[in-house]
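*Asks:* I am sharing target_22.txt, which consists of compact mmCIF, C-alpha atoms:
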```txt
# COMPACT_ATOMS: atom_id res chain seq x y z
CA MET A 1 117.23 81.92 113.26
CA SER A 2 119.62 84.67 114.21
CA ALA A 3 118.81 88.32 114.66
CA SER A 4 121.94 89.32 112.77
CA ASP A 5 120.78 87.33 109.71
CA ASP A 6 117.54 89.29 109.77
CA GLN A 7 119.34 92.61 110.13
CA THR A 8 121.71 91.81 107.27
CA ASP A 9 118.85 90.73 105.02
CA VAL A 10 116.82 93.83 105.87
CA GLU A 11 119.75 96.10 105.06
CA ARG A 12 120.41 94.30 101.77
CA THR A 13 116.72 94.45 100.83
CA LEU A 14 116.60 98.17 101.60
CA ALA A 15 119.67 98.60 99.41
CA GLY A 16 117.71 97.05 96.53
CA ASP A 17 118.72 93.38 96.72
CA LEU A 18 115.35 91.63 96.53
CA SER A 19 116.83 88.16 96.89
CA ALA A 20 117.76 89.03 100.47
CA PHE A 21 114.08 89.27 101.32
CA GLU A 22 113.73 85.63 100.32
CA GLY A 23 115.91 84.75 103.31
CA ILE A 24 113.46 86.53 105.60
CA VAL A 25 110.52 84.74 103.97
CA CYS A 26 112.19 81.32 104.30
CA ARG A 27 113.08 81.90 107.96
CA TRP A 28 109.71 83.26 109.05
CA GLN A 29 107.15 81.60 106.77
CA GLY A 30 106.47 78.77 109.24
CA PRO A 31 105.87 80.98 112.30
CA LEU A 32 103.79 83.52 110.39
CA ILE A 33 101.57 80.86 108.78
CA ASN A 34 101.13 79.05 112.10
CA LEU A 35 100.23 82.27 113.87
CA ALA A 36 97.65 83.03 111.18
CA TYR A 37 96.35 79.46 111.42
CA ARG A 38 95.74 79.87 115.14
CA PHE A 39 93.64 82.93 114.38
CA CYS A 40 91.51 81.46 111.58
CA HIS A 41 91.95 77.64 111.63
CA ASP A 42 91.85 77.61 107.85
CA ARG A 43 95.05 76.61 106.10
CA GLY A 44 94.35 78.43 102.83
CA ARG A 45 93.35 81.62 104.55
CA ALA A 46 96.34 81.39 106.89
CA GLU A 47 98.70 81.32 103.90
CA GLU A 48 96.91 84.24 102.26
CA MET A 49 97.14 86.30 105.44
CA ALA A 50 100.80 85.37 105.93
CA GLN A 51 101.58 86.39 102.34
CA GLU A 52 99.91 89.75 102.93
CA ALA A 53 101.92 90.12 106.14
CA PHE A 54 105.18 89.55 104.23
CA LEU A 55 104.12 92.08 101.60
CA ARG A 56 103.39 94.66 104.26
CA ALA A 57 106.67 93.87 105.95
CA TYR A 58 108.44 94.45 102.62
CA ARG A 59 106.67 97.78 102.14
CA GLY A 60 107.41 98.87 105.69
CA LEU A 61 110.95 97.53 106.14
CA GLY A 62 112.28 101.06 106.43
CA GLN A 63 110.04 101.65 109.45
CA TRP A 64 111.67 98.92 111.50
CA ARG A 65 113.50 100.65 114.34
CA LYS A 66 116.38 98.49 115.37
CA ASP A 67 115.67 99.02 119.07
CA ALA A 68 113.53 95.84 118.95
CA VAL A 69 114.53 92.59 117.29
CA PHE A 70 113.18 92.10 113.80
CA SER A 71 110.96 89.18 114.78
CA THR A 72 109.14 91.30 117.38
CA TRP A 73 108.42 93.94 114.77
CA LEU A 74 107.35 91.29 112.23
CA PHE A 75 105.02 89.52 114.68
CA ALA A 76 103.45 92.81 115.77
CA LEU A 77 102.84 93.74 112.14
CA ALA A 78 101.40 90.29 111.34
CA THR A 79 99.24 90.24 114.47
CA ASN A 80 97.74 93.63 113.61
CA LEU A 81 97.00 92.45 110.10
CA TYR A 82 95.45 89.15 111.23
CA ARG A 83 93.30 90.88 113.82
CA SER A 84 91.96 93.40 111.32
CA GLU A 85 91.42 90.69 108.69
CA LEU A 86 89.40 88.66 111.16
CA ARG A 87 87.39 91.69 112.16
CA ARG A 88 86.64 92.21 108.45
CA ILE A 89 85.78 88.58 107.72
CA PRO A 90 85.42 86.62 110.99
CA ALA A 91 86.56 83.01 111.15
CA ARG A 92 83.80 80.43 111.32
CA THR A 93 83.13 79.82 114.98
CA VAL A 94 80.23 78.66 117.07
CA SER A 95 78.96 80.46 120.14
CA ILE A 96 80.82 79.48 123.30
CA ASP A 97 77.46 78.50 124.81
CA ASP A 98 76.91 76.02 122.01
CA ILE A 99 80.17 74.17 122.57
CA ALA A 100 79.28 70.83 124.05
CA GLU A 101 81.63 69.01 126.33
CA PRO A 102 82.25 65.40 125.35
CA ALA A 103 79.42 63.19 126.64
CA ASP A 104 81.79 61.45 129.01
CA ALA A 105 85.00 63.26 129.72
CA ARG A 106 86.54 60.01 130.94
CA ALA A 107 87.01 56.99 128.75
CA SER A 108 86.10 53.48 129.92
CA ASP A 109 89.53 52.96 131.43
CA GLY A 110 89.12 56.12 133.47
CA GLY A 111 91.50 58.04 131.22
CA LEU A 112 90.48 61.07 129.30
CA GLU A 113 89.69 61.11 125.64
CA ASP A 114 92.48 63.59 125.03
CA HIS A 115 91.59 64.35 121.46
CA ASP A 116 87.95 65.24 122.19
CA ARG A 117 88.89 67.30 125.18
CA ASP A 118 91.64 69.20 123.35
CA LEU A 119 89.29 69.86 120.47
CA ALA A 120 86.56 71.17 122.77
CA VAL A 121 89.00 73.50 124.55
CA ARG A 122 90.37 74.84 121.26
CA ARG A 123 86.89 75.39 119.90
CA ALA A 124 86.00 77.19 123.10
CA VAL A 125 89.06 79.43 122.71
CA GLY A 126 87.96 80.18 119.14
CA ALA A 127 84.54 81.20 120.41
CA LEU A 128 85.86 83.59 123.07
CA PRO A 129 85.38 87.35 122.60
CA ALA A 130 88.17 88.65 120.36
CA LYS A 131 90.21 90.44 123.03
CA TYR A 132 90.51 87.32 125.21
CA ARG A 133 91.01 85.00 122.26
CA GLU A 134 93.83 87.14 120.86
CA ALA A 135 95.61 87.31 124.21
CA LEU A 136 95.40 83.52 124.62
CA ILE A 137 96.53 82.83 121.05
CA LEU A 138 99.55 85.12 121.33
CA PHE A 139 100.47 83.91 124.83
CA TYR A 140 100.61 80.26 123.79
CA PHE A 141 102.14 81.05 120.41
CA HIS A 142 105.03 82.81 122.16
CA ASP A 143 105.62 79.87 124.53
CA MET A 144 103.65 81.47 127.37
CA ASP A 145 105.76 84.61 127.38
CA VAL A 146 103.57 87.54 128.48
CA PRO A 147 106.00 90.38 127.55
CA THR A 148 106.42 89.07 123.99
CA ALA A 149 102.66 88.53 123.60
CA ALA A 150 102.08 92.05 124.91
CA ARG A 151 104.54 93.50 122.38
CA SER A 152 102.85 91.60 119.54
CA LEU A 153 99.47 92.92 120.60
CA GLY A 154 100.77 96.42 121.25
CA LEU A 155 99.26 96.32 124.75
CA PRO A 156 100.68 96.80 128.27
CA GLU A 157 101.68 93.56 129.99
CA GLY A 158 99.13 94.15 132.75
CA THR A 159 96.30 94.33 130.22
CA VAL A 160 97.42 91.08 128.60
CA LYS A 161 97.65 89.37 132.01
CA ALA A 162 94.13 90.56 132.87
CA ARG A 163 92.78 89.32 129.53
CA LEU A 164 94.50 85.96 129.98
CA PHE A 165 92.99 85.62 133.43
CA ARG A 166 89.51 86.56 132.22
CA GLY A 167 89.81 84.32 129.15
CA ARG A 168 90.73 81.36 131.33
CA GLU A 169 87.89 82.20 133.70
CA ILE A 170 85.41 82.03 130.84
CA LEU A 171 86.87 78.73 129.61
CA ARG A 172 86.72 77.32 133.11
CA SER A 173 83.09 78.36 133.55
CA LYS A 174 82.05 76.99 130.18
CA LEU A 175 83.93 73.72 130.38
CA PRO A 176 83.91 72.86 134.08
CA GLN A 177 83.54 69.09 133.76
CA LEU A 178 86.21 68.89 131.11
CA LEU A 179 88.84 70.86 132.99
CA ALA A 180 88.10 69.27 136.35
CA ALA A 181 88.26 65.74 134.94
CA PRO A 182 91.89 64.95 135.86
CA ARG A 183 91.16 65.97 139.46
CA LEU A 184 88.24 63.48 139.55
CA LYS A 185 90.52 60.81 138.23
CA GLU A 186 93.03 61.41 141.01
CA ALA A 187 90.29 61.27 143.70
CA MET B 1 89.52 76.23 145.08
CA ARG B 2 92.95 77.74 144.60
CA ARG B 3 94.34 74.27 143.88
CA LEU B 4 91.56 73.62 141.39
CA ILE B 5 92.25 76.85 139.53
CA GLY B 6 95.93 76.07 139.42
CA HIS B 7 95.18 72.61 138.11
CA ASP B 8 92.79 74.00 135.46
CA GLU B 9 95.39 76.49 134.33
CA GLY B 10 97.91 73.71 133.95
CA GLU B 11 95.39 71.76 131.93
CA ILE B 12 94.60 74.73 129.67
CA ASP B 13 98.33 75.44 129.29
CA ARG B 14 98.99 71.84 128.38
CA ILE B 15 96.21 71.65 125.80
CA LEU B 16 96.84 75.01 124.14
CA SER B 17 100.63 74.72 124.13
CA ARG B 18 100.62 71.59 122.04
CA GLU B 19 98.53 72.98 119.22
CA ASP B 20 99.33 71.26 115.93
CA GLU B 21 101.85 73.00 113.72
CA ILE B 22 101.21 73.25 110.01
CA LEU B 23 103.92 73.33 107.37
CA PRO B 24 103.91 75.97 104.65
CA SER B 25 102.88 74.59 101.27
CA SER B 26 105.78 74.00 98.90
CA GLY B 27 105.14 77.01 96.70
CA PHE B 28 104.48 79.49 99.46
CA ALA B 29 107.88 81.23 99.51
CA VAL B 30 107.93 81.41 95.69
CA SER B 31 104.45 82.89 95.68
CA VAL B 32 105.42 85.50 98.28
CA MET B 33 108.57 86.44 96.36
CA ASP B 34 106.55 86.77 93.13
CA ALA B 35 104.21 89.17 94.91
CA VAL B 36 107.18 91.09 96.32
CA ARG B 37 108.81 91.34 92.88
CA ARG B 38 105.54 92.61 91.39
CA GLU B 39 105.37 95.15 94.19
CA ALA B 40 108.98 96.24 93.57
CA ALA B 41 108.41 96.51 89.81
CA ALA B 42 105.24 98.57 90.16
CA PRO B 43 105.70 102.30 89.61
CA PRO B 44 105.76 104.31 92.81
CA PRO B 45 102.40 105.76 93.85
CA ILE B 46 101.59 109.09 92.23
CA PRO B 47 102.17 111.84 94.77
CA PHE B 48 99.39 114.32 95.41
CA PRO B 49 99.77 117.23 92.96
CA TRP B 50 100.22 119.96 95.55
CA LYS B 51 101.66 122.36 92.97
CA ARG B 52 98.55 122.16 90.83
CA ALA B 53 96.11 122.04 93.69
CA LEU B 54 97.62 124.92 95.63
CA PRO B 55 96.00 127.79 93.65
CA GLY B 56 92.59 126.17 94.00
CA LEU B 57 93.13 125.56 97.71
CA VAL B 58 94.27 129.15 98.25
CA VAL B 59 91.25 130.54 96.36
CA GLY B 60 88.93 128.18 98.23
CA GLY B 61 90.43 129.16 101.57
CA PHE B 62 90.20 132.84 100.72
CA ALA B 63 86.53 132.45 99.70
CA LEU B 64 85.81 130.59 102.92
CA VAL B 65 87.41 133.34 105.00
CA LEU B 66 85.42 135.95 103.10
CA VAL B 67 82.17 134.10 103.72
CA LEU B 68 82.97 133.75 107.42
CA VAL B 69 83.86 137.44 107.75
CA ALA B 70 80.69 138.44 105.89
CA GLY B 71 78.66 136.15 108.11
CA VAL B 72 80.10 137.72 111.26
CA VAL B 73 79.49 141.22 109.88
CA ALA B 74 75.89 140.32 108.99
CA ILE B 75 75.28 138.94 112.48
CA VAL B 76 76.71 142.10 114.06
CA GLN B 77 74.53 144.28 111.81
CA LEU B 78 71.47 142.22 112.67
CA GLY B 79 72.31 142.64 116.34
CA ARG B 80 72.52 146.38 115.91
CA ALA B 81 69.25 146.46 113.94
CA SER B 82 67.50 144.59 116.72
CA THR B 83 68.50 147.32 119.19
CA ILE B 84 66.28 149.77 117.23
CA PRO B 85 63.04 150.20 119.17
CA GLN B 86 60.48 147.59 118.20
CA ALA B 87 57.98 150.28 117.34
CA SER B 88 60.09 151.48 114.42
CA LEU B 89 59.63 148.12 112.68
CA SER B 90 55.97 148.76 112.48
CA PHE B 91 56.58 151.71 110.15
CA PRO B 92 56.48 150.34 106.64
CA SER B 93 58.42 153.32 105.32
CA LEU B 94 61.62 152.14 107.10
CA LEU B 95 61.66 148.59 105.73
CA PRO B 96 62.18 148.94 101.99
CA PRO B 97 65.72 150.51 102.19
CA MET B 98 66.84 147.85 104.64
CA PHE B 99 65.51 145.06 102.45
CA GLN B 100 66.94 146.70 99.40
CA ARG B 101 70.40 146.76 100.96
CA ASN B 102 70.07 143.08 101.93
CA ILE B 103 69.00 142.11 98.43
CA GLU B 104 71.96 143.96 96.93
CA SER B 105 74.32 142.25 99.34
CA ALA B 106 72.75 138.83 98.63
CA ALA B 107 73.07 139.40 94.90
CA ILE B 108 76.77 140.24 95.26
CA TRP B 109 77.40 137.13 97.32
CA THR B 110 75.41 134.97 94.91
CA ALA B 111 77.42 136.30 92.01
CA LEU B 112 80.67 135.72 93.90
CA ALA B 113 79.62 132.17 94.79
CA LEU B 114 78.75 131.45 91.17
CA LEU B 115 82.09 132.86 90.06
CA VAL B 116 84.00 130.71 92.58
CA THR B 117 82.01 127.64 91.47
CA LEU B 118 82.72 128.36 87.83
CA VAL B 119 86.43 128.85 88.46
CA SER B 120 86.67 125.68 90.57
CA VAL B 121 84.80 123.61 87.96
CA LYS B 122 86.99 124.96 85.15
CA LEU B 123 90.14 124.41 87.19
CA SER B 124 89.25 120.84 88.14
CA MET B 125 88.31 120.01 84.52
CA ARG B 126 91.57 121.44 83.35
CA LEU B 127 93.49 119.49 85.99
CA ALA B 128 91.63 116.29 85.14
CA SER B 129 92.46 116.66 81.44
CA GLY B 130 96.10 117.32 82.31
CA LYS B 131 96.39 120.64 80.49
CA ALA B 132 97.59 122.66 83.45
```
Translate this file's structure into structure tokens.
*Replies:*
Amino acid sequence: MSASDDQTDVERTLAGDLSAFEGIVCRWQGPLINLAYRFCHDRGRAEEMAQEAFLRAYRGLGQWRKDAVFSTWLFALATNLYRSELRRIPARTVSIDDIAEPADARASDGGLEDHDRDLAVRRAVGALPAKYREALILFYFHDMDVPTAARSLGLPEGTVKARLFRGREILRSKLPQLLAAPRLKEA
Amino acid sequence: MRRLIGHDEGEIDRILSREDEILPSSGFAVSVMDAVRREAAAPPPIPFPWKRALPGLVVGGFALVLVLVAGVVAIVQLGRASTIPQASLSFPSLLPPMFQRNIESAAIWTALALLVTLVSVKLSMRLASGKA
């Protein structure tokens, strides 16, 4: 995925060549759907939200200032849309207090049941208050890059760092046995 | 404690970084492009008819200013009237002219308000039927 491809396709689309927009869709459909999926954990809804994001991108192509790369602009637009969609119709989640840790965080051989643990942590992330959940989703989606996550959220980096810290604190307090399990294994 | 937090963070990082990726369904790009083509083919949104609305807005604004000015004048007059010694209010012979003036003024304003309402209703009906 090259930034110059995006720029060329945007210019061609703005000049009236609709087929150029197809290049943008093909390049970014995977990331946009996966980002939406992390917000709602519903494949069908993720595709609907991603389609709406592409439509909004098409309508607003002229507003893209070339001082930022196209993908940053596209992710910020999509993130805003996904956040407002989820405020309108929240994803199905359970309360973070109702998320049970696996009965035994260690399997019989002393190893962890990775799948159960991963699932519990992801469900706990889904049940976090929106501002912490969004910061965590964007941080991990952008390969743990705080500046990029901050740009997507339209927030200062310091705010994102604080929300990541607080989000992790909540996870740690709600799932203490689960997250401390590897340490017990080493002991 | 610091070591534990660091370890937990590593654990959270590890779990959340390897979230499963989903692949777009086969018809997704086609569906998006269909929606984009529909969007491109749709007529542009109708701009707000400023030219038609301007006379109504000007008249409305003018009426609003008039009402405000009249309100201020009425308050000032009331203020002046209240400076008349209280005893004078007890004389019934002084009240009728004052009331009469107020009634005349109210009637004028009522008539003006009705006229503005009539004009605005007619204008909006005419705009709605597209005859302007």
*Asks:* Taking all atoms listed in the file into account, find every residue of chain B that has an atom no more than 10 Å from chain A, and write it out as number ranges by chain.
*Replies:* B: 3-5, 7-25, 28-33, 35-37, 39-40
*Asks:* Let's have the selection written as a PDB file, keeping the file's coordinate frame, with C-alpha atoms.
*Replies:*
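And here is the file that came out, selection.pdb:
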```pdb
ATOM      1  CA  ARG B   3      94.340  74.270 143.880  1.00  0.00           C
ATOM      2  CA  LEU B   4      91.560  73.620 141.390  1.00  0.00           C
ATOM      3  CA  ILE B   5      92.250  76.850 139.530  1.00  0.00           C
ATOM      4  CA  HIS B   7      95.180  72.610 138.110  1.00  0.00           C
ATOM      5  CA  ASP B   8      92.790  74.000 135.460  1.00  0.00           C
ATOM      6  CA  GLU B   9      95.390  76.490 134.330  1.00  0.00           C
ATOM      7  CA  GLY B  10      97.910  73.710 133.950  1.00  0.00           C
ATOM      8  CA  GLU B  11      95.390  71.760 131.930  1.00  0.00           C
ATOM      9  CA  ILE B  12      94.600  74.730 129.670  1.00  0.00           C
ATOM     10  CA  ASP B  13      98.330  75.440 129.290  1.00  0.00           C
ATOM     11  CA  ARG B  14      98.990  71.840 128.380  1.00  0.00           C
ATOM     12  CA  ILE B  15      96.210  71.650 125.800  1.00  0.00           C
ATOM     13  CA  LEU B  16      96.840  75.010 124.140  1.00  0.00           C
ATOM     14  CA  SER B  17     100.630  74.720 124.130  1.00  0.00           C
ATOM     15  CA  ARG B  18     100.620  71.590 122.040  1.00  0.00           C
ATOM     16  CA  GLU B  19      98.530  72.980 119.220  1.00  0.00           C
ATOM     17  CA  ASP B  20      99.330  71.260 115.930  1.00  0.00           C
ATOM     18  CA  GLU B  21     101.850  73.000 113.720  1.00  0.00           C
ATOM     19  CA  ILE B  22     101.210  73.250 110.010  1.00  0.00           C
ATOM     20  CA  LEU B  23     103.920  73.330 107.370  1.00  0.00           C
ATOM     21  CA  PRO B  24     103.910  75.970 104.650  1.00  0.00           C
ATOM     22  CA  SER B  25     102.880  74.590 101.270  1.00  0.00           C
ATOM     23  CA  PHE B  28     104.480  79.490  99.460  1.00  0.00           C
ATOM     24  CA  ALA B  29     107.880  81.230  99.510  1.00  0.00           C
ATOM     25  CA  VAL B  30     107.930  81.410  95.690  1.00  0.00           C
ATOM     26  CA  SER B  31     104.450  82.890  95.680  1.00  0.00           C
ATOM     27  CA  VAL B  32     105.420  85.500  98.280  1.00  0.00           C
ATOM     28  CA  MET B  33     108.570  86.440  96.360  1.00  0.00           C
ATOM     29  CA  ALA B  35     104.210  89.170  94.910  1.00  0.00           C
ATOM     30  CA  VAL B  36     107.180  91.090  96.320  1.00  0.00           C
ATOM     31  CA  ARG B  37     108.810  91.340  92.880  1.00  0.00           C
ATOM     32  CA  GLU B  39     105.370  95.150  94.190  1.00  0.00           C
ATOM     33  CA  ALA B  40     108.980  96.240  93.570  1.00  0.00           C
TER      34      ALA B  40
END
```
*Asks:* Could you give me the axis-aligned bounding box of range 120-131 of chain A, with 8 Å of padding per side, as centre plus edge lengths in Å to one decimal, as AutoDock Vina command-line options?
*Replies:*
```
--center_x 87.5 --center_y 80.8 --center_z 121.8 --size_x 21.8 --size_y 35.3 --size_z 21.4
```
*Asks:* In Å to one decimal, how far is CA of Leu155 in chain A from CA of Ala124 in chain A?
*Replies:*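 Separation of CA of Ala124 in chain A and CA of Leu155 in chain A: 23.3 Å.
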*Asks:* Can you tell me how far CA of Arg92 in chain A sits from CA of Leu138 in chain A, in Å to one decimal?
*Replies:* 19.2 Å
*Asks:* Could you check how far CA of Val76 in chain B sits from CA of Leu114 in chain B, in Å to one decimal?
*Replies:*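 One can read the CA of Val76 in chain B to CA of Leu114 in chain B distance as 25.3 Å.
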*Asks:* Just checking: using all atoms listed in the file, which residue out of A:Leu77, A:Ser152, A:Ala135, A:Asp145 ends up closest to Trp64 in chain A?
*Replies:*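 For Trp64 in chain A, the nearest of the candidates is A:Leu77.
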*Asks:* Please provide the set of residues having any atom within 8 Å of Arg163 in chain A, restricted to all atoms listed in the file, with same-chain residues fewer than 4 positions apart removed, written as a list of chain:residue names.
*Replies:* A:Lys131, A:Tyr132, A:Ala135, A:Thr159, A:Gly167
